[in-house]
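Trainee: Mind having a look at this structure? Questions to follow.
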Amino acid sequence: MEATEWQLRRGQYLGEISALCFLHLPSHLSSLPLLLAGTGSQVLVYDLVSGKIIRSFQVFEGIRVHGISLETSHKQLVGTALDFQVSIYGERRVKLFSLRIVPDSEQKHSLDVELTLIHSLPKFGYWVLDVCFLKNGATASEEASYLAIGCSDNSVYFWDILRYNLYSQVKSSERCLLYSMKMFGSEIDSLRVASGTIFNEIVVWKVALQNHATILGGHEENHVQLIRDCDFFFPGPKYTDALISRLVGHEGSIFRIAWFANGMKLLSVSDDRSARIWEIQAEKRIACNAVQDGVNHLAGPVLFGHNARIWDCCIFDSLIITAGEDCTCRVWDHDGRELYQIKEHVGRGVWRCLYDPISSLLVTAGFDSAIKVHQLHTSAKGLENPYASEDCSDTKEVFALTIPNSSGHGGPMDSKSEYVRCLNFSREDSLYVATNNGYLYHASLLNKDAVKWTELARVSEDAPIICMDLMSNCSDPSGEFEDWVALGDGKGRITIVLVVGTCWNMKVEFTFTWSAEKERHLLGTYWCKSLETRFIFTADPGGRLKLWKLCNNLSSSSVAGRGNYDVFLIAEYASCFGLRIMCLDASFDEELLVCGDIRGNVLLFSLPRCLLCSTSVAADVTSSPMNHFKGAHGVSTVNSVTISSLSSDKVEIHLTGADGCICYLRQDRDLHTLEFIGMKQVKELSTIRSIFNTDHAVGNYVVGFASSNFIIWNLTTGTKVLQITCGGWRRPHAYYLGHLPEKMNCFSFVKDDIIYIHRHWMPDNDRKIYPQNLHLQFHGKEIHSLCFISGHSLCSSYENQGLAAESFWVATGCEDGTVRLTRYELGMENWSSSQHLGEHVGGSAVRSVCFVSKMHIFIPDSISIPNIFCGKKGMLEDKDPFILISVGAKRVVTAWKQIVTMNNKTVSTICNETEKKNENNFTKNSSTAAMSSLSFQWLSTDMPFRHPSNMKRQNTKEALKTTGDIISTTSDAISTESVSPKYGAMEPNQCPEDHLENDWRYLDVTAFLVKEAGSRISICFVIIACSDATVMLRALVLPFQIWFDVASLTPLSSPVLALQHIVIPKGNMQIGSLYLAITGSTDGSIAIWDLTDCVENFMRQISGLELENCMENQKRPRTGRGSQGGRWWRSIDNHIANKKPEHSILGETANIQFVSDGCTKPDNDMENLVHGTSESSISEQSSVHVPLQVGNQALVFSGIKKDKLSPQTTVLMAVTVLHKIHQSGVNCLCVSDIKDHSLPDSMFSFYVVSGGDDQAINCLRCDLEINPRRENSQNLNGKIHCTTVPVAMNNSSHHFLIQNHQMQVLHLDKITSAHTSAVKGVWTDGVWIFSVGLDQRIRCWNISQYRLTERAHLIISVPEPEALDVKTCGRNHYQIAVAGRGMQMIEFRSSDGMDTEK
């Protein structure tokens, strides 16, 4: 077979943006320049007018693009096409391209781009730091003749563009390595070079002609002396360096240098977090090493403000821009004053910034793959606010008003002074103001020079106004409005004021006052839009709400005069927490009232329609909550509540709080549960006041505060719309947003007795909105793990197979603790959207993720196989769950559940709105709606308790030394059961002290789902490897969200780096199964573990528990925000059992048997524990009711106290250990699931492929024969002794028993140098093997005739790859996802007629 039969094709790279460059076009083609961005080995071309990508080009193989340089002039081709010369460089390579711009004749203002390679320059000996185009001074041509290439050894090469050869070279006498270099000039003899050396100084020098050398005219080569340097011959004249200045002042490495336009100033940024402006002295035509005192110290200001290293900078006439590792881009003036900062990137920082003074566009890009565009505006007063900017800045107005009876501009106040208590906008030109003297004013805002004040009413003369709420109706096309203003004063009275008319001609239609609370007990008045103006709520300090009904609808047409209206108290509600209610929302259709209090709690009350329609006065009965959620926002205030109906039996509730989070709850009416289903952290805001949803394509928004700044944030694009410094949220303030907040926003606040109003209101137009996000925002740090989300998980229940065929979803876990779900469009070959699922506790790194979708059926002994589907179906789960598991640092394991619903034959998730807020969509096609159909909601997070010193393993060690028989110990961490005496004789290093317990982390995870036949309760068994050389089998009981510790896979001599499992059916019906785990350790060994008995025993035991009343819905993910943050530890006293359980009194023979096969005999101890009938005693205080420990969660069974919990964990030993499979750590494992059809039905075959630090790939084949017919099989009695195997040899094999079934492990092949560096990811299906290493190569191997044969390899764009996963698309057709510093999709195909052999 020819190698050309297999093809590997690169897809789009999604990762760091490492280079930016503007391409200016003639004004008739585009009003804005094109943007060229380098990412990985690719260059992206963007049209800034449309905000869309035009084309992407692969320019290197495995080399990152570091910079892009453009020729200033262009060639006019035939017609309207233009041709530009572009130089792209990275590492030690430089390539020269021709970039052709062709206007699209069919679509107006549309451009087509073609990039053609002109020449690839020879590989340089040092990294290339800068490239610029130079003209030939001896000719009159405006076209560039040379390329100047600056290298990190402080040398400059000159490349002849026309003749494609090196022309000349000059080396600085300052021979040292550089971190940065920037050249300035248009010709060789005027070229200036600024070099940032490793000595933290800048050497500025110029290129000078050597003595007696002549400059050639044109390109004549007569009488030219050839210069040989590093195997290059230079036909040009000799040049030397001439020192201009030496700039000393930085205290760290200099990462970037920028020249001012006239070449007399320099801007440099450094590792010392500063930016410095330098003035260049007069030129000196002497060698650098000949001058010892040529030092020019800092002449300009030092710019301090960044909190971390500064990566990039640029300098212009009026602005200086810097971008740093603190994820901020800051704008300064030349005096060193910081004008403002932009913080919209995440992760490792903003790597590149670019500014175009013609269009005032500022572009930032960083590690998170996002490219964000802002438009800055300068005026005579300086730089204006850049957020949500437009070409017309005159629409931004700032008002400074005082109320009519104010004491004056911030002057001293006395007891009679009047000041503002409440503000509220009804429209963009209408502001209501309530004061401490009981006055209600209205300000009509035509413009800042025409403001009309109207005193509407004085609702209280003896008490200040405490609260105000507004309900506005403006449906009349003539502009007339109807505003209902509810005011509460210090005497407990509430006043309704109806204001009608137009903005400049208004009147009070009526006022109505009644006593609602006791004096100083009325703290809030609330209208509800769904209830209109017929009902109003009042709140007191003790968490009590009153619902008042206003008779006759109080519509303006029915008003005949004052005092003709009745108010009835129809309901009272009391919080079970006794805390002040801060916000609420009511739904007439859902008959539901939802409230949030001052300490983060959420309460649900019934609001029946019959109550709202009744006119009777409420009985003296207070309604209690029908459900509640404690600490939805930790202990931070709930600021807003919104009810969203999903179906007839489910309601979704959206909350915002003072912890900077948006929380999502779901109420299930049938199950009477209130479940936490998701959370969105807006890290740029410390408190979120509300969510603003719009039907406009721009997206959805949150409004809140960060320190003293008011901020409007676009959730969809991840950009800041508006930022106004106001002094914080505690001041009286109000805001109003139009349907497009970028163009329509108002904000007012009070400071020093002055009302400041910022208004930006523009009519609808087609002008561009800034800020704008051009490229998909992704993880901001390194990705450690990824997995494909199986298509059948979305489409198996619905006939929508085309959806999975068009798109792929990949889940990724990152160093920053985030888990994301990213979509890849197969037709477009591009990443189209990325959804942020959540974050691990405190941002702890995510080390591994796995997706579980296949359900395995467990058949209890008491149920016959023909009747397995006739049992009771339960009430909880209608469909099998699809679970995403993520683990990481601080031993955090998190489960995410995919929710799929059916709506008019369209697949959608219950978190549809959540997804719209969290994802970035850039594809406008019919399949965009399909993306919103796939999402995951947070399900459960589990963390270990802190143990007293050395408890976890030291106690086990001491207990095991006590006796050689079976020992049963009990602690709050782990206890051993049925342990071999051999385990007690382990070396001391097997039981290390736990003083580094907080530094332990989970390294890998794998999981499988099991469900008992006829039940709707599912168990997700999770196998987790920890850095303390332990592997745990844990169980997550669904839907109860309870964690159990099932077994500990010990002893282990070294930590496990890679985990896999396989489930093998025992018979043709594929109902009974064998559950095996396969581990790879840091010592190069691979072990096989039998989990079957543990899984089956657990399934038997769990089926006897009544868990329906133990569902843990009152949980939310720990976020690290505010009072909820960080790692929450809980200590439990250690109790040692006074008596051994009956089942532990066994002989040594039985002990060896149970350890070998991995489990104890079936027993009823779990049920005994639950019902308190076990003979074992945990402590004197808990001898009656013995609690059951479920992970780190304490549940109450039969009245058991939560603080008296103790786990029982089985200890397993490996069935076999294959030593020295690799010479060092096993980094990755993959187990195929392929059955060899040439074998009998009772035979199953699978492959185990591993990759290690030794650069090798090892392939094992495992053959399992179910119930082998051997004469001595009946005498084995299931005794399976752990076996160890020495170094693996090709085609060698060994045999052992698993559950009385014969298994043979055959060493097929080992490729000792599969990669030139460590292998980080492998995958196999039994036919093909795909591997990736730190050498940035993907290699494809075919398993043929018991050998591995390499068929193809490809250099990828992902630096430092760490993970690989593969999705099968068809026969010999695969999609390969690789992640590390970014992510890339690779397609593998082979000819349809290829015949593969095993």
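Each chain in the structure tokens gets a letter, A, B and so on, in the order shown; residues start at 1 in every chain, and ligands are counted from 1 in the order they appear.
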Can you pull out the residues contacting Pro33 in chain A? Cut-off 8 Å, using only C-alpha atoms, and skip same-chain residues under 2 positions away; I want them as a VMD selection string.

Mentor: chain A and resid 22 to 25 30 to 31 35 47 to 48

Trainee: With C-alpha atoms retained, export the selected residues as a PDB file, in the first residue's frame.

Mentor:
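File written: part22.pdb
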```
ATOM      1  CA  PHE A  22      -2.962  46.487   9.843  1.00  0.00           C
ATOM      2  CA  LEU A  23      -3.284  46.541   6.045  1.00  0.00           C
ATOM      3  CA  HIS A  24      -4.540  49.907   4.798  1.00  0.00           C
ATOM      4  CA  LEU A  25      -6.551  49.862   1.583  1.00  0.00           C
ATOM      5  CA  SER A  30     -12.715  49.923   2.466  1.00  0.00           C
ATOM      6  CA  SER A  31     -13.145  52.647   5.027  1.00  0.00           C
ATOM      7  CA  LEU A  35      -6.423  43.096  10.098  1.00  0.00           C
ATOM      8  CA  ASP A  47     -12.484  42.656   7.464  1.00  0.00           C
ATOM      9  CA  LEU A  48     -12.988  45.242  10.205  1.00  0.00           C
TER      10      LEU A  48
END
```

Trainee: Write out as an NGL selection string the residues lying within 6 Å of range 684-696 of chain A, counting only C-alpha atoms and excluding same-chain residues fewer than 5 positions away.

Mentor: :A and (639-640 or 656-660 or 701-706)

Trainee: Would you pick out the contacts of range 531-537 of chain A at 6 Å or less, using only C-alpha atoms, so that residues sharing its chain but fewer than 3 positions from it are not included, and give the list as a PyMOL selection string?

Mentor: chain A and resi 525-528+546-550+553

Trainee: Check range 396-456 of chain A with DSSP on the backbone and list each residue it calls strand (DSSP E or B), as a count of residues only.

Mentor: 38

Trainee: Counting only C-alpha atoms, figure out which residue out of A:Arg421, A:Arg1116, A:Lys1066, A:His836 gets nearest to Asn601 in chain A.

Mentor: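 Of the candidates, the smallest distance to Asn601 in chain A is held by A:Arg1116.
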
Trainee: Give me the residues within 8 Å of range 335-344 of chain A as a list of chain:residue names, counting only C-alpha atoms and dropping any in the same chain fewer than 6 places off.

Mentor: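 Counting only C-alpha atoms, the residues come to A:Pro301, A:Val302, A:Leu303, A:Gly305, A:Cys327, A:Thr328, A:Cys329, A:Leu383, A:Glu684, A:Gly718, A:Thr719, A:Lys720.
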
Trainee: Determine, counting only C-alpha atoms, which protein, DNA and RNA residues have an atom within 9 Å of an atom of range 130-133 of chain A; residues of the same chain fewer than 3 positions away are not included. Present the result as a PyMOL selection string.

Mentor: chain A and resi 66-72+87-89+94+144-151+180-187

Trainee: Which of these, A:Arg175, A:Arg580, A:His654, A:Lys781, has the shortest distance to Val819 in chain A once you count only C-alpha atoms?

Mentor: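 The closest residue to Val819 in chain A is A:Lys781.
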
Trainee: If we count only C-alpha atoms, what is near Phe778 in chain A at a cut-off of 12 Å, once residues fewer than 2 positions away on the same chain are taken out, given as a ChimeraX atom specification?

Mentor: /A:13-17,345-348,365-371,717-718,775-776,780-783,811-814,816,818-823,831-837,918-920,1379,1381-1383

Trainee: Just want the 12 Å neighbourhood of Val750 in chain A, counted on only C-alpha atoms, with same-chain residues fewer than 5 positions away dropped. Output as a VMD selection string.

Mentor: chain A and resid 399 to 403 409 to 410 419 to 423 433 435 725 to 734 755 to 758

Trainee: Have a look at CA of Ile754 in chain A and CA of Cys503 in chain A and let me know their distance in Å, one decimal.

Mentor: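 These two atoms are separated by 21.9 Å.
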
Trainee: Any idea what the distance is between CA of Ala261 in chain A and CA of Glu142 in chain A?

Mentor: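 Computing the Euclidean distance for CA of Ala261 in chain A and CA of Glu142 in chain A yields 19.3 Å.
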
Trainee: Just how far from CA of Leu166 in chain A is CA of Ser120 in chain A, in Å to one decimal?

Mentor: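 Spanning CA of Ser120 in chain A to CA of Leu166 in chain A is a straight-line distance of 12.0 Å.
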
Trainee: Of the residues A:Gly263, A:Ser359, A:Leu243, A:Gly1321, which is the one nearest to Leu34 in chain A, using only C-alpha atoms?

Mentor: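 Using only C-alpha atoms, Leu34 in chain A sits closest to A:Ser359.
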